[in-house]
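Asker: My questions all concern the structure below.
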Amino acid sequence: MKSDCPTDQPQRGMGVFERYLTVWVGLCIVAGVLLGKWMPGLAQTLDGMSIMVDGAPVVSIPIALCLFFMMYPIMVKIDFAEIVRAGKAAKPVALTLLINWAIKPFTMYAIASFFLGTVLIGVIGPEAVDLVKPPMGVDLEVGATYGAGQAVLVDGVKMLEVPLWRSYLAGCILLGIAPCTAMVLVWGYLSGGNDGHTLVMVAVNSLAMLLLYGLLGGLLLGVGQLPVPWQALLLSIGIYVALPLFAGFLSRRWIIGAMGEVWFREKFLHWLSPVTIAALLVTLVLLFSLKGEIIMSNPLTIVWIAIPLFIQTVLIFAIGYALSKWLGLTYENAAPTAMIGASNHFEVAIATAVMLYGLSSGAALATVVGVLIEVPLMLMLVRFCVSTRHWFDQDLAAVHSETEPQLKLDT
């Protein structure tokens with residue numbers, strides 16, 4: 001008889017392709033940067049295929065297609081009839097909200113401001129400045145001060161001249177207040193986590209973003225109230241999460257009804273296995289072909305920005321993983337809980353930085369650096385989770401006594 005105990009679920013091992021995924025990711029990043037450098041016309045054409053909100057490219061259609069094929073194989077494996085039960089697990093839900101909204105934004109601010117404004121200010125340049133768009137709805141006279149900036153006229157356009165490191169800090173903040181709602185499904189899947197639990201956490205974070213993104217952004221940026229990009233948020237969540245979720249739900253019901261559950265598990269899911277990873281790699285090539293010129297022209301700057309982002313990611317992951325262990329969560333719930341806190345919704349962060357500060361701003365560059373380091377770093381954390389799974393499986397008594405409902409998954 002099959003037990004409902006989470007530890008009885010078969011562990012998803014990594015094949016040769018997945019084991020060396022970091023290598024393939026690195027090659028795809030290089031390929032994307034070179035493609036953008038050597039074939040800028042192609043990159044510009046792809047970049048132009050975007051859904052615009054308030055004049056800013058919010059959703060890249062080519063990347064949205066790749067993300068759909070990245071998410072769909074994960075969504076179709078979930079038994080949606082049981083997802084409500086997973087949502088009743090109070091401890092993982094509460095822990096996710098605590099990490100993402102009560103801890104992560106403030107540690108990001110503290111770490112980024114310390115490193116960019118103190119430790120690395122000498123290499124960034126204490127006198128270096130950046131030109132950004134003035135805050136929306138604020139009419140400044142030339143020479144007027146606003147926060148740490150001063151209004152100046154550049155080619156007939158009013159801009160706000162701010163210290164460069166503060167512009168980088170703004171981008172880091174926008175990353176810190178945008179928890180991941182798409183790619184985390186991939187990280188949770190690769191680490192052998194509970195896909196249904198991850199999906200519930202994604203839904204919780206998506207709703208929380210609509211309420212807290214603008215509030216925390218305005219508080220931490222300190223440049224006036226940050227307007228909530230409602231259209232960008234709703235469009236991003238709808239395309240990156242809701243669309244593959246809906247497609248997975250409908251196609252799962254249709255396939256099982258037409259072909260049977262045995263065929264669905266043994267044939268259909270087997271054919272889908274490589275799709276998620278392949279879509280991830282193609283996404284990276286496309287993404288970095290669009291941002292290759294920025295990366296190539298600012299190599300050292302990228303290193304300075306990457307330092308606080310790296311420390312923040314590892315710290316938040318450690319907090320989530322340790323608290324999950326302390327609260328007695330199963331590994332299947334602990335891994336995605338830590339992953340959700342560590343990863344960022346860089347699509348929303350980039351779109352918001354462009355809308356608020358401009359495409360060429362230091363804030364926009366910082367959000368792009370977040371993309372650059374996130375995939376290799378999250379893959380490293382996935383490997384760490386897999387190698388430390390026994391930390392949780394040893395607590396068999398705690399696992400068997402856990403009363404929180406478990407989601408049934410197809411593995």
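Labels used: A, B, ... for chains in the order of the structure tokens, numbers from 1 for residues in each chain, and numbers from 1 for ligands as shown.
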Taking 6 positions as the minimum chain separation for residues in the same chain, which residues sit within 12 Å of A:Phe268 when counting only C-alpha atoms? Answer as a ChimeraX atom specification.
Answerer: /A:73,76-77,251-252,255-256,259-262,274-275,410
Asker: Near A:Val93, counting only C-alpha atoms, which residues have an atom at most 9 Å away, once you skip same-chain residues fewer than 6 positions from it, shown as a PyMOL selection string?
Answerer: chain A and resi 87+197+200-201+204+337
Asker: Closest to A:Gly218 among A:Leu160, A:Pro105, A:Leu284, A:Ala279, using only C-alpha atoms?
Answerer: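 For A:Gly218, the nearest of the given residues is A:Pro105.
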Asker: Would you compute the distance between atom CA of A:Trp38 and atom CA of A:Leu379? Give it in Å to one decimal.
Answerer: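 Atom-to-atom, atom CA of A:Trp38 to atom CA of A:Leu379, that is 28.3 Å.
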Asker: From the options A:Val152, A:Trp24, A:Gly32, A:Ala306, which residue's atoms come nearest to A:Ile373, counting only C-alpha atoms?
Answerer: A:Ala306
Asker: Calculate how many Å separate atom CA of A:Thr145 from atom CA of A:Val129, rounding to one decimal.
Answerer: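 Here the two named atoms are 14.2 Å from each other.
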Asker: Between A:Leu27, A:Leu175, A:Leu116, A:Ala64, which is the closest to A:Gly238 once you count only C-alpha atoms?
Answerer: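 Checking each candidate against A:Gly238, we get A:Ala64 as the closest.
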Asker: Kindly give the distance, in Å, that separates atom CA of A:Ile61 and atom CA of A:Ile239, rounded to a single decimal.
Answerer: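 Interatomic distance, atom CA of A:Ile61 to atom CA of A:Ile239: 9.8 Å.
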Asker: Tell me, as a list in words, which residues lie within 12 Å of A:Thr45, counting only C-alpha atoms; anything in the same chain fewer than 2 positions away does not count.
Answerer: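 Residues near the query, excluding close chain neighbours: Gly36, Met39, Pro40, Gly41, Leu42, Ala43, Asp47, Gly48, Met49, Ser50, Ser60, Ile61, Pro62, Leu286, Ser289 and Leu290 of chain A.
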Asker: Identify all residues of stretch 175-276 of chain A in helix (DSSP H, G or I) (DSSP on the backbone) and supply them as a JSON list (two decimals) with N, CA, C and O atoms, in the first residue's frame.
Answerer:
```json
[["chain", "number", "residue", "atom", "x", "y", "z"],
["A", 175, "LEU", "N", 14.10, 44.59, -6.94],
["A", 175, "LEU", "CA", 14.23, 43.14, -6.95],
["A", 175, "LEU", "C", 13.79, 42.54, -5.62],
["A", 175, "LEU", "O", 13.11, 41.51, -5.57],
["A", 176, "GLY", "N", 14.16, 43.18, -4.52],
["A", 176, "GLY", "CA", 13.88, 42.65, -3.19],
["A", 176, "GLY", "C", 12.41, 42.64, -2.84],
["A", 176, "GLY", "O", 11.97, 41.82, -2.00],
["A", 184, "VAL", "N", 10.34, 30.11, -9.90],
["A", 184, "VAL", "CA", 10.45, 29.31, -8.68],
["A", 184, "VAL", "C", 9.80, 27.94, -8.84],
["A", 184, "VAL", "O", 10.18, 26.98, -8.16],
["A", 185, "LEU", "N", 8.84, 27.84, -9.76],
["A", 185, "LEU", "CA", 8.24, 26.53, -10.02],
["A", 185, "LEU", "C", 9.28, 25.57, -10.60],
["A", 185, "LEU", "O", 9.25, 24.37, -10.33],
["A", 186, "VAL", "N", 10.22, 26.10, -11.37],
["A", 186, "VAL", "CA", 11.30, 25.27, -11.91],
["A", 186, "VAL", "C", 12.26, 24.86, -10.80],
["A", 186, "VAL", "O", 12.66, 23.69, -10.69],
["A", 187, "TRP", "N", 12.63, 25.81, -9.95],
["A", 187, "TRP", "CA", 13.58, 25.49, -8.87],
["A", 187, "TRP", "C", 12.97, 24.48, -7.90],
["A", 187, "TRP", "O", 13.65, 23.57, -7.45],
["A", 188, "GLY", "N", 11.70, 24.67, -7.56],
["A", 188, "GLY", "CA", 11.04, 23.73, -6.67],
["A", 188, "GLY", "C", 10.95, 22.34, -7.27],
["A", 188, "GLY", "O", 11.15, 21.33, -6.58],
["A", 189, "TYR", "N", 10.69, 22.27, -8.56],
["A", 189, "TYR", "CA", 10.59, 20.98, -9.24],
["A", 189, "TYR", "C", 11.95, 20.27, -9.26],
["A", 189, "TYR", "O", 12.05, 19.08, -8.95],
["A", 190, "LEU", "N", 13.02, 20.99, -9.62],
["A", 190, "LEU", "CA", 14.34, 20.39, -9.70],
["A", 190, "LEU", "C", 14.84, 19.92, -8.34],
["A", 190, "LEU", "O", 15.60, 18.95, -8.25],
["A", 195, "ASP", "N", 5.27, 20.37, -5.73],
["A", 195, "ASP", "CA", 4.88, 21.32, -6.77],
["A", 195, "ASP", "C", 3.57, 22.03, -6.41],
["A", 195, "ASP", "O", 3.40, 23.22, -6.69],
["A", 196, "GLY", "N", 2.64, 21.30, -5.82],
["A", 196, "GLY", "CA", 1.37, 21.91, -5.44],
["A", 196, "GLY", "C", 1.55, 22.96, -4.36],
["A", 196, "GLY", "O", 0.94, 24.04, -4.41],
["A", 197, "HIS", "N", 2.39, 22.67, -3.38],
["A", 197, "HIS", "CA", 2.68, 23.65, -2.34],
["A", 197, "HIS", "C", 3.32, 24.89, -2.96],
["A", 197, "HIS", "O", 2.99, 26.03, -2.60],
["A", 198, "THR", "N", 4.24, 24.69, -3.91],
["A", 198, "THR", "CA", 4.89, 25.81, -4.57],
["A", 198, "THR", "C", 3.86, 26.67, -5.29],
["A", 198, "THR", "O", 3.91, 27.90, -5.23],
["A", 199, "LEU", "N", 2.92, 26.03, -5.95],
["A", 199, "LEU", "CA", 1.89, 26.76, -6.68],
["A", 199, "LEU", "C", 1.01, 27.57, -5.73],
["A", 199, "LEU", "O", 0.65, 28.71, -6.02],
["A", 200, "VAL", "N", 0.67, 26.99, -4.59],
["A", 200, "VAL", "CA", -0.12, 27.73, -3.60],
["A", 200, "VAL", "C", 0.66, 28.95, -3.11],
["A", 200, "VAL", "O", 0.11, 30.05, -2.98],
["A", 201, "MET", "N", 1.97, 28.78, -2.87],
["A", 201, "MET", "CA", 2.78, 29.89, -2.41],
["A", 201, "MET", "C", 2.89, 30.98, -3.49],
["A", 201, "MET", "O", 2.92, 32.18, -3.19],
["A", 202, "VAL", "N", 2.97, 30.55, -4.73],
["A", 202, "VAL", "CA", 3.00, 31.50, -5.84],
["A", 202, "VAL", "C", 1.72, 32.34, -5.86],
["A", 202, "VAL", "O", 1.75, 33.56, -6.04],
["A", 203, "ALA", "N", 0.58, 31.68, -5.67],
["A", 203, "ALA", "CA", -0.69, 32.40, -5.65],
["A", 203, "ALA", "C", -0.74, 33.39, -4.49],
["A", 203, "ALA", "O", -1.19, 34.54, -4.66],
["A", 204, "VAL", "N", -0.27, 32.97, -3.32],
["A", 204, "VAL", "CA", -0.26, 33.85, -2.15],
["A", 204, "VAL", "C", 0.64, 35.06, -2.40],
["A", 204, "VAL", "O", 0.26, 36.21, -2.12],
["A", 205, "ASN", "N", 1.82, 34.83, -2.96],
["A", 205, "ASN", "CA", 2.74, 35.93, -3.23],
["A", 205, "ASN", "C", 2.20, 36.88, -4.29],
["A", 205, "ASN", "O", 2.41, 38.09, -4.22],
["A", 206, "SER", "N", 1.52, 36.31, -5.29],
["A", 206, "SER", "CA", 0.96, 37.15, -6.34],
["A", 206, "SER", "C", -0.08, 38.12, -5.78],
["A", 206, "SER", "O", -0.09, 39.31, -6.12],
["A", 207, "LEU", "N", -0.94, 37.63, -4.90],
["A", 207, "LEU", "CA", -1.94, 38.49, -4.28],
["A", 207, "LEU", "C", -1.27, 39.51, -3.35],
["A", 207, "LEU", "O", -1.67, 40.68, -3.32],
["A", 208, "ALA", "N", -0.25, 39.07, -2.62],
["A", 208, "ALA", "CA", 0.44, 39.98, -1.70],
["A", 208, "ALA", "C", 1.15, 41.09, -2.47],
["A", 208, "ALA", "O", 1.21, 42.24, -2.00],
["A", 209, "MET", "N", 1.69, 40.76, -3.66],
["A", 209, "MET", "CA", 2.37, 41.78, -4.46],
["A", 209, "MET", "C", 1.43, 42.92, -4.83],
["A", 209, "MET", "O", 1.81, 44.09, -4.83],
["A", 210, "LEU", "N", 0.19, 42.57, -5.16],
["A", 210, "LEU", "CA", -0.77, 43.60, -5.54],
["A", 210, "LEU", "C", -1.04, 44.57, -4.41],
["A", 210, "LEU", "O", -1.34, 45.74, -4.63],
["A", 211, "LEU", "N", -0.91, 44.10, -3.17],
["A", 211, "LEU", "CA", -1.20, 44.94, -2.01],
["A", 211, "LEU", "C", 0.04, 45.64, -1.48],
["A", 211, "LEU", "O", -0.04, 46.79, -1.01],
["A", 212, "LEU", "N", 1.19, 44.98, -1.53],
["A", 212, "LEU", "CA", 2.37, 45.46, -0.80],
["A", 212, "LEU", "C", 3.49, 46.01, -1.68],
["A", 212, "LEU", "O", 4.38, 46.68, -1.18],
["A", 213, "TYR", "N", 3.46, 45.72, -2.98],
["A", 213, "TYR", "CA", 4.58, 46.11, -3.84],
["A", 213, "TYR", "C", 4.79, 47.63, -3.85],
["A", 213, "TYR", "O", 5.89, 48.12, -3.62],
["A", 214, "GLY", "N", 3.71, 48.37, -4.10],
["A", 214, "GLY", "CA", 3.83, 49.82, -4.12],
["A", 214, "GLY", "C", 4.12, 50.42, -2.76],
["A", 214, "GLY", "O", 4.90, 51.36, -2.63],
["A", 215, "LEU", "N", 3.50, 49.84, -1.71],
["A", 215, "LEU", "CA", 3.69, 50.36, -0.35],
["A", 215, "LEU", "C", 5.14, 50.23, 0.09],
["A", 215, "LEU", "O", 5.77, 51.19, 0.55],
["A", 216, "LEU", "N", 5.70, 49.02, -0.06],
["A", 216, "LEU", "CA", 7.09, 48.81, 0.35],
["A", 216, "LEU", "C", 8.05, 49.54, -0.57],
["A", 216, "LEU", "O", 9.10, 50.03, -0.12],
["A", 217, "GLY", "N", 7.72, 49.62, -1.86],
["A", 217, "GLY", "CA", 8.58, 50.36, -2.79],
["A", 217, "GLY", "C", 8.68, 51.82, -2.42],
["A", 217, "GLY", "O", 9.77, 52.39, -2.35],
["A", 218, "GLY", "N", 7.54, 52.44, -2.13],
["A", 218, "GLY", "CA", 7.56, 53.84, -1.73],
["A", 218, "GLY", "C", 8.31, 54.07, -0.43],
["A", 218, "GLY", "O", 9.02, 55.06, -0.27],
["A", 219, "LEU", "N", 8.17, 53.13, 0.50],
["A", 219, "LEU", "CA", 8.84, 53.26, 1.79],
["A", 219, "LEU", "C", 10.35, 53.14, 1.65],
["A", 219, "LEU", "O", 11.11, 53.96, 2.19],
["A", 220, "LEU", "N", 10.80, 52.12, 0.93],
["A", 220, "LEU", "CA", 12.24, 51.84, 0.87],
["A", 220, "LEU", "C", 12.99, 52.70, -0.15],
["A", 220, "LEU", "O", 14.15, 53.01, 0.04],
["A", 221, "LEU", "N", 12.35, 53.07, -1.22],
["A", 221, "LEU", "CA", 13.04, 53.91, -2.20],
["A", 221, "LEU", "C", 13.26, 55.32, -1.66],
["A", 221, "LEU", "O", 14.26, 55.96, -1.99],
["A", 230, "TRP", "N", -0.17, 48.47, -11.55],
["A", 230, "TRP", "CA", -1.21, 47.45, -11.52],
["A", 230, "TRP", "C", -1.29, 46.67, -12.83],
["A", 230, "TRP", "O", -1.36, 45.44, -12.82],
["A", 231, "GLN", "N", -1.29, 47.40, -13.95],
["A", 231, "GLN", "CA", -1.41, 46.73, -15.24],
["A", 231, "GLN", "C", -0.25, 45.78, -15.48],
["A", 231, "GLN", "O", -0.42, 44.65, -15.94],
["A", 232, "ALA", "N", 0.97, 46.25, -15.16],
["A", 232, "ALA", "CA", 2.15, 45.42, -15.37],
["A", 232, "ALA", "C", 2.12, 44.17, -14.49],
["A", 232, "ALA", "O", 2.43, 43.07, -14.94],
["A", 233, "LEU", "N", 1.72, 44.35, -13.23],
["A", 233, "LEU", "CA", 1.67, 43.22, -12.32],
["A", 233, "LEU", "C", 0.62, 42.20, -12.75],
["A", 233, "LEU", "O", 0.90, 41.00, -12.82],
["A", 234, "LEU", "N", -0.58, 42.66, -13.04],
["A", 234, "LEU", "CA", -1.66, 41.75, -13.42],
["A", 234, "LEU", "C", -1.34, 41.04, -14.74],
["A", 234, "LEU", "O", -1.58, 39.84, -14.87],
["A", 235, "LEU", "N", -0.78, 41.79, -15.69],
["A", 235, "LEU", "CA", -0.45, 41.19, -16.98],
["A", 235, "LEU", "C", 0.65, 40.15, -16.83],
["A", 235, "LEU", "O", 0.60, 39.05, -17.39],
["A", 236, "SER", "N", 1.67, 40.47, -16.02],
["A", 236, "SER", "CA", 2.78, 39.55, -15.82],
["A", 236, "SER", "C", 2.32, 38.27, -15.13],
["A", 236, "SER", "O", 2.66, 37.16, -15.56],
["A", 237, "ILE", "N", 1.55, 38.42, -14.06],
["A", 237, "ILE", "CA", 1.06, 37.25, -13.32],
["A", 237, "ILE", "C", 0.14, 36.41, -14.21],
["A", 237, "ILE", "O", 0.19, 35.17, -14.20],
["A", 238, "GLY", "N", -0.69, 37.09, -14.99],
["A", 238, "GLY", "CA", -1.61, 36.36, -15.87],
["A", 238, "GLY", "C", -0.88, 35.54, -16.92],
["A", 238, "GLY", "O", -1.23, 34.38, -17.18],
["A", 239, "ILE", "N", 0.15, 36.13, -17.53],
["A", 239, "ILE", "CA", 0.86, 35.44, -18.61],
["A", 239, "ILE", "C", 1.82, 34.39, -18.07],
["A", 239, "ILE", "O", 1.89, 33.26, -18.60],
["A", 240, "TYR", "N", 2.55, 34.71, -17.02],
["A", 240, "TYR", "CA", 3.60, 33.81, -16.53],
["A", 240, "TYR", "C", 3.07, 32.69, -15.64],
["A", 240, "TYR", "O", 3.70, 31.65, -15.52],
["A", 241, "VAL", "N", 1.93, 32.91, -14.99],
["A", 241, "VAL", "CA", 1.41, 31.91, -14.04],
["A", 241, "VAL", "C", 0.03, 31.40, -14.43],
["A", 241, "VAL", "O", -0.19, 30.20, -14.58],
["A", 242, "ALA", "N", -0.93, 32.33, -14.60],
["A", 242, "ALA", "CA", -2.32, 31.90, -14.80],
["A", 242, "ALA", "C", -2.51, 31.15, -16.11],
["A", 242, "ALA", "O", -3.24, 30.15, -16.15],
["A", 243, "LEU", "N", -1.88, 31.61, -17.19],
["A", 243, "LEU", "CA", -2.08, 30.97, -18.48],
["A", 243, "LEU", "C", -1.60, 29.51, -18.50],
["A", 243, "LEU", "O", -2.36, 28.61, -18.88],
["A", 244, "PRO", "N", -0.33, 29.23, -18.10],
["A", 244, "PRO", "CA", 0.07, 27.82, -18.06],
["A", 244, "PRO", "C", -0.70, 27.00, -17.03],
["A", 244, "PRO", "O", -0.92, 25.80, -17.21],
["A", 245, "LEU", "N", -1.12, 27.63, -15.93],
["A", 245, "LEU", "CA", -1.93, 26.93, -14.93],
["A", 245, "LEU", "C", -3.26, 26.49, -15.53],
["A", 245, "LEU", "O", -3.67, 25.33, -15.39],
["A", 246, "PHE", "N", -3.94, 27.38, -16.22],
["A", 246, "PHE", "CA", -5.22, 27.07, -16.84],
["A", 246, "PHE", "C", -5.05, 26.01, -17.93],
["A", 246, "PHE", "O", -5.86, 25.07, -18.03],
["A", 247, "ALA", "N", -4.00, 26.16, -18.74],
["A", 247, "ALA", "CA", -3.76, 25.19, -19.81],
["A", 247, "ALA", "C", -3.44, 23.81, -19.23],
["A", 247, "ALA", "O", -3.91, 22.79, -19.75],
["A", 248, "GLY", "N", -2.68, 23.77, -18.15],
["A", 248, "GLY", "CA", -2.35, 22.49, -17.52],
["A", 248, "GLY", "C", -3.57, 21.82, -16.94],
["A", 248, "GLY", "O", -3.75, 20.60, -17.07],
["A", 249, "PHE", "N", -4.44, 22.60, -16.31],
["A", 249, "PHE", "CA", -5.66, 22.05, -15.72],
["A", 249, "PHE", "C", -6.57, 21.44, -16.78],
["A", 249, "PHE", "O", -7.04, 20.30, -16.65],
["A", 250, "LEU", "N", -6.81, 22.19, -17.86],
["A", 250, "LEU", "CA", -7.72, 21.71, -18.90],
["A", 250, "LEU", "C", -7.15, 20.51, -19.65],
["A", 250, "LEU", "O", -7.85, 19.52, -19.88],
["A", 251, "SER", "N", -5.87, 20.60, -20.03],
["A", 251, "SER", "CA", -5.29, 19.51, -20.83],
["A", 251, "SER", "C", -5.14, 18.25, -20.00],
["A", 251, "SER", "O", -5.29, 17.14, -20.51],
["A", 252, "ARG", "N", -4.87, 18.38, -18.71],
["A", 252, "ARG", "CA", -4.76, 17.20, -17.84],
["A", 252, "ARG", "C", -6.10, 16.45, -17.81],
["A", 252, "ARG", "O", -6.15, 15.23, -17.97],
["A", 253, "ARG", "N", -7.19, 17.20, -17.60],
["A", 253, "ARG", "CA", -8.50, 16.57, -17.55],
["A", 253, "ARG", "C", -8.85, 15.91, -18.89],
["A", 253, "ARG", "O", -9.38, 14.80, -18.92],
["A", 254, "TRP", "N", -8.53, 16.59, -19.98],
["A", 254, "TRP", "CA", -8.89, 16.06, -21.29],
["A", 254, "TRP", "C", -8.07, 14.82, -21.62],
["A", 254, "TRP", "O", -8.62, 13.82, -22.10],
["A", 255, "ILE", "N", -6.77, 14.84, -21.35],
["A", 255, "ILE", "CA", -5.91, 13.71, -21.70],
["A", 255, "ILE", "C", -6.25, 12.49, -20.87],
["A", 255, "ILE", "O", -6.36, 11.37, -21.39],
["A", 256, "ILE", "N", -6.43, 12.67, -19.56],
["A", 256, "ILE", "CA", -6.78, 11.54, -18.70],
["A", 256, "ILE", "C", -8.14, 10.97, -19.10],
["A", 256, "ILE", "O", -8.34, 9.75, -19.13],
["A", 257, "GLY", "N", -9.07, 11.87, -19.43],
["A", 257, "GLY", "CA", -10.39, 11.40, -19.84],
["A", 257, "GLY", "C", -10.36, 10.64, -21.15],
["A", 257, "GLY", "O", -11.10, 9.67, -21.35],
["A", 258, "ALA", "N", -9.49, 11.07, -22.07],
["A", 258, "ALA", "CA", -9.44, 10.45, -23.39],
["A", 258, "ALA", "C", -8.53, 9.23, -23.45],
["A", 258, "ALA", "O", -8.86, 8.23, -24.12],
["A", 259, "MET", "N", -7.38, 9.28, -22.77],
["A", 259, "MET", "CA", -6.38, 8.23, -22.91],
["A", 259, "MET", "C", -6.17, 7.40, -21.64],
["A", 259, "MET", "O", -5.53, 6.36, -21.70],
["A", 261, "GLU", "N", -5.35, 7.41, -17.16],
["A", 261, "GLU", "CA", -4.31, 7.93, -16.28],
["A", 261, "GLU", "C", -2.98, 7.22, -16.47],
["A", 261, "GLU", "O", -1.92, 7.83, -16.34],
["A", 262, "VAL", "N", -3.00, 5.93, -16.80],
["A", 262, "VAL", "CA", -1.75, 5.19, -17.01],
["A", 262, "VAL", "C", -1.00, 5.76, -18.20],
["A", 262, "VAL", "O", 0.22, 6.01, -18.13],
["A", 263, "TRP", "N", -1.69, 6.00, -19.31],
["A", 263, "TRP", "CA", -1.04, 6.57, -20.50],
["A", 263, "TRP", "C", -0.53, 7.97, -20.19],
["A", 263, "TRP", "O", 0.56, 8.35, -20.63],
["A", 264, "PHE", "N", -1.31, 8.74, -19.43],
["A", 264, "PHE", "CA", -0.91, 10.10, -19.07],
["A", 264, "PHE", "C", 0.42, 10.09, -18.31],
["A", 264, "PHE", "O", 1.33, 10.87, -18.61],
["A", 265, "ARG", "N", 0.52, 9.20, -17.32],
["A", 265, "ARG", "CA", 1.72, 9.17, -16.49],
["A", 265, "ARG", "C", 2.92, 8.56, -17.20],
["A", 265, "ARG", "O", 4.04, 9.08, -17.12],
["A", 266, "GLU", "N", 2.71, 7.46, -17.90],
["A", 266, "GLU", "CA", 3.83, 6.70, -18.45],
["A", 266, "GLU", "C", 4.27, 7.19, -19.82],
["A", 266, "GLU", "O", 5.43, 7.00, -20.19],
["A", 267, "LYS", "N", 3.38, 7.79, -20.58],
["A", 267, "LYS", "CA", 3.72, 8.23, -21.92],
["A", 267, "LYS", "C", 3.83, 9.75, -22.02],
["A", 267, "LYS", "O", 4.87, 10.30, -22.35],
["A", 268, "PHE", "N", 2.72, 10.42, -21.72],
["A", 268, "PHE", "CA", 2.67, 11.87, -21.92],
["A", 268, "PHE", "C", 3.69, 12.61, -21.07],
["A", 268, "PHE", "O", 4.43, 13.46, -21.56],
["A", 269, "LEU", "N", 3.75, 12.29, -19.76],
["A", 269, "LEU", "CA", 4.70, 12.97, -18.89],
["A", 269, "LEU", "C", 6.14, 12.64, -19.28],
["A", 269, "LEU", "O", 7.03, 13.49, -19.12],
["A", 270, "HIS", "N", 6.37, 11.44, -19.79],
["A", 270, "HIS", "CA", 7.72, 11.08, -20.24],
["A", 270, "HIS", "C", 8.14, 11.95, -21.42],
["A", 270, "HIS", "O", 9.28, 12.39, -21.51],
["A", 271, "TRP", "N", 7.21, 12.20, -22.34],
["A", 271, "TRP", "CA", 7.54, 13.06, -23.47],
["A", 271, "TRP", "C", 7.81, 14.50, -23.04],
["A", 271, "TRP", "O", 8.60, 15.21, -23.65],
["A", 272, "LEU", "N", 7.13, 14.93, -21.98],
["A", 272, "LEU", "CA", 7.27, 16.32, -21.52],
["A", 272, "LEU", "C", 8.54, 16.56, -20.71],
["A", 272, "LEU", "O", 8.92, 17.72, -20.53],
["A", 275, "VAL", "N", 11.10, 19.21, -21.75],
["A", 275, "VAL", "CA", 10.58, 20.47, -22.26],
["A", 275, "VAL", "C", 10.92, 21.64, -21.34],
["A", 275, "VAL", "O", 11.33, 22.71, -21.79],
["A", 276, "THR", "N", 10.75, 21.46, -20.03],
["A", 276, "THR", "CA", 10.99, 22.54, -19.08],
["A", 276, "THR", "C", 12.44, 23.04, -19.16],
["A", 276, "THR", "O", 12.69, 24.25, -19.23]]
```
Asker: Please provide as a list in words all residues within 9 Å of A:Leu329, with the sequence filter that same-chain residues fewer than 2 positions apart are discarded (counting only C-alpha atoms).
Answerer: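 Close residues of A:Leu329: Lys91, Pro92, Leu323, Ser324, Lys325, Trp326, Leu327, Tyr331, Glu332, Asn333, Ala334, Phe392, Ala398, Val399 and Glu402 of chain A.
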Asker: For the residues selected in the previous step, produce a file with N, CA, C and O atoms as a short mmCIF file (atom, residue, chain, number, x, y, z; two decimals), in the first residue's frame.
Answerer:
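Writing done, so here's part16.cif:
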```
data_model
loop_
_atom_site.label_atom_id
_atom_site.label_comp_id
_atom_site.auth_asym_id
_atom_site.auth_seq_id
_atom_site.Cartn_x
_atom_site.Cartn_y
_atom_site.Cartn_z
N LYS A 91 1.47 26.58 8.37
CA LYS A 91 2.86 26.93 8.65
C LYS A 91 3.64 27.35 7.41
O LYS A 91 4.32 28.38 7.42
N PRO A 92 3.60 26.58 6.30
CA PRO A 92 4.34 27.01 5.11
C PRO A 92 3.84 28.34 4.55
O PRO A 92 4.63 29.18 4.11
N LEU A 323 14.40 28.03 9.16
CA LEU A 323 13.10 28.14 9.82
C LEU A 323 12.18 26.98 9.45
O LEU A 323 11.40 26.51 10.29
N SER A 324 12.27 26.50 8.22
CA SER A 324 11.48 25.34 7.82
C SER A 324 11.86 24.11 8.63
O SER A 324 11.01 23.33 9.08
N LYS A 325 13.15 23.95 8.85
CA LYS A 325 13.64 22.83 9.66
C LYS A 325 13.17 22.97 11.11
O LYS A 325 12.70 22.01 11.72
N TRP A 326 13.27 24.18 11.62
CA TRP A 326 12.89 24.44 13.01
C TRP A 326 11.39 24.24 13.23
O TRP A 326 10.96 23.74 14.28
N LEU A 327 10.59 24.59 12.22
CA LEU A 327 9.13 24.44 12.34
C LEU A 327 8.65 23.02 12.06
O LEU A 327 7.47 22.72 12.18
N TYR A 331 10.66 17.96 3.93
CA TYR A 331 11.58 18.47 2.91
C TYR A 331 10.82 18.98 1.70
O TYR A 331 11.17 20.02 1.11
N GLU A 332 9.76 18.26 1.27
CA GLU A 332 9.00 18.64 0.09
C GLU A 332 8.39 20.02 0.20
O GLU A 332 8.16 20.69 -0.80
N ASN A 333 8.11 20.48 1.42
CA ASN A 333 7.60 21.83 1.64
C ASN A 333 8.71 22.81 1.98
O ASN A 333 8.62 23.99 1.64
N ALA A 334 9.77 22.35 2.63
CA ALA A 334 10.86 23.23 3.04
C ALA A 334 11.64 23.76 1.84
O ALA A 334 11.98 24.96 1.80
N PHE A 392 16.07 16.56 6.72
CA PHE A 392 14.64 16.53 7.04
C PHE A 392 14.12 15.11 7.16
O PHE A 392 13.33 14.81 8.02
N ALA A 398 8.68 13.46 13.37
CA ALA A 398 8.03 14.75 13.11
C ALA A 398 7.24 14.70 11.82
O ALA A 398 6.15 15.25 11.71
N VAL A 399 7.80 14.00 10.82
CA VAL A 399 7.13 13.92 9.53
C VAL A 399 5.82 13.16 9.65
O VAL A 399 4.77 13.55 9.16
N GLU A 402 3.07 15.03 11.47
CA GLU A 402 2.62 16.30 10.91
C GLU A 402 1.17 16.18 10.48
O GLU A 402 0.78 15.26 9.77
#
```
Asker: Which residues are near A:Val30? Cut-off 12 Å, only C-alpha atoms, ignore same chain within fewer than 4 positions. Put them as number ranges by chain.
Answerer: A: 23-26, 34-38, 281, 284-289, 291-292, 295-296, 372
Asker: Residues within 9 Å of A:Pro126, please, as a VMD selection string. Count only C-alpha atoms; anything in the same chain fewer than 6 positions from it doesn't count.
Answerer: chain A and resid 117 163 to 165
Asker: Give the strand (DSSP E or B) residues of stretch 101-321 of chain A, as assigned by DSSP on the backbone, as a VMD selection string.
Answerer: chain A and resid 129 to 132 145 to 146 149 to 154 157 to 163 179
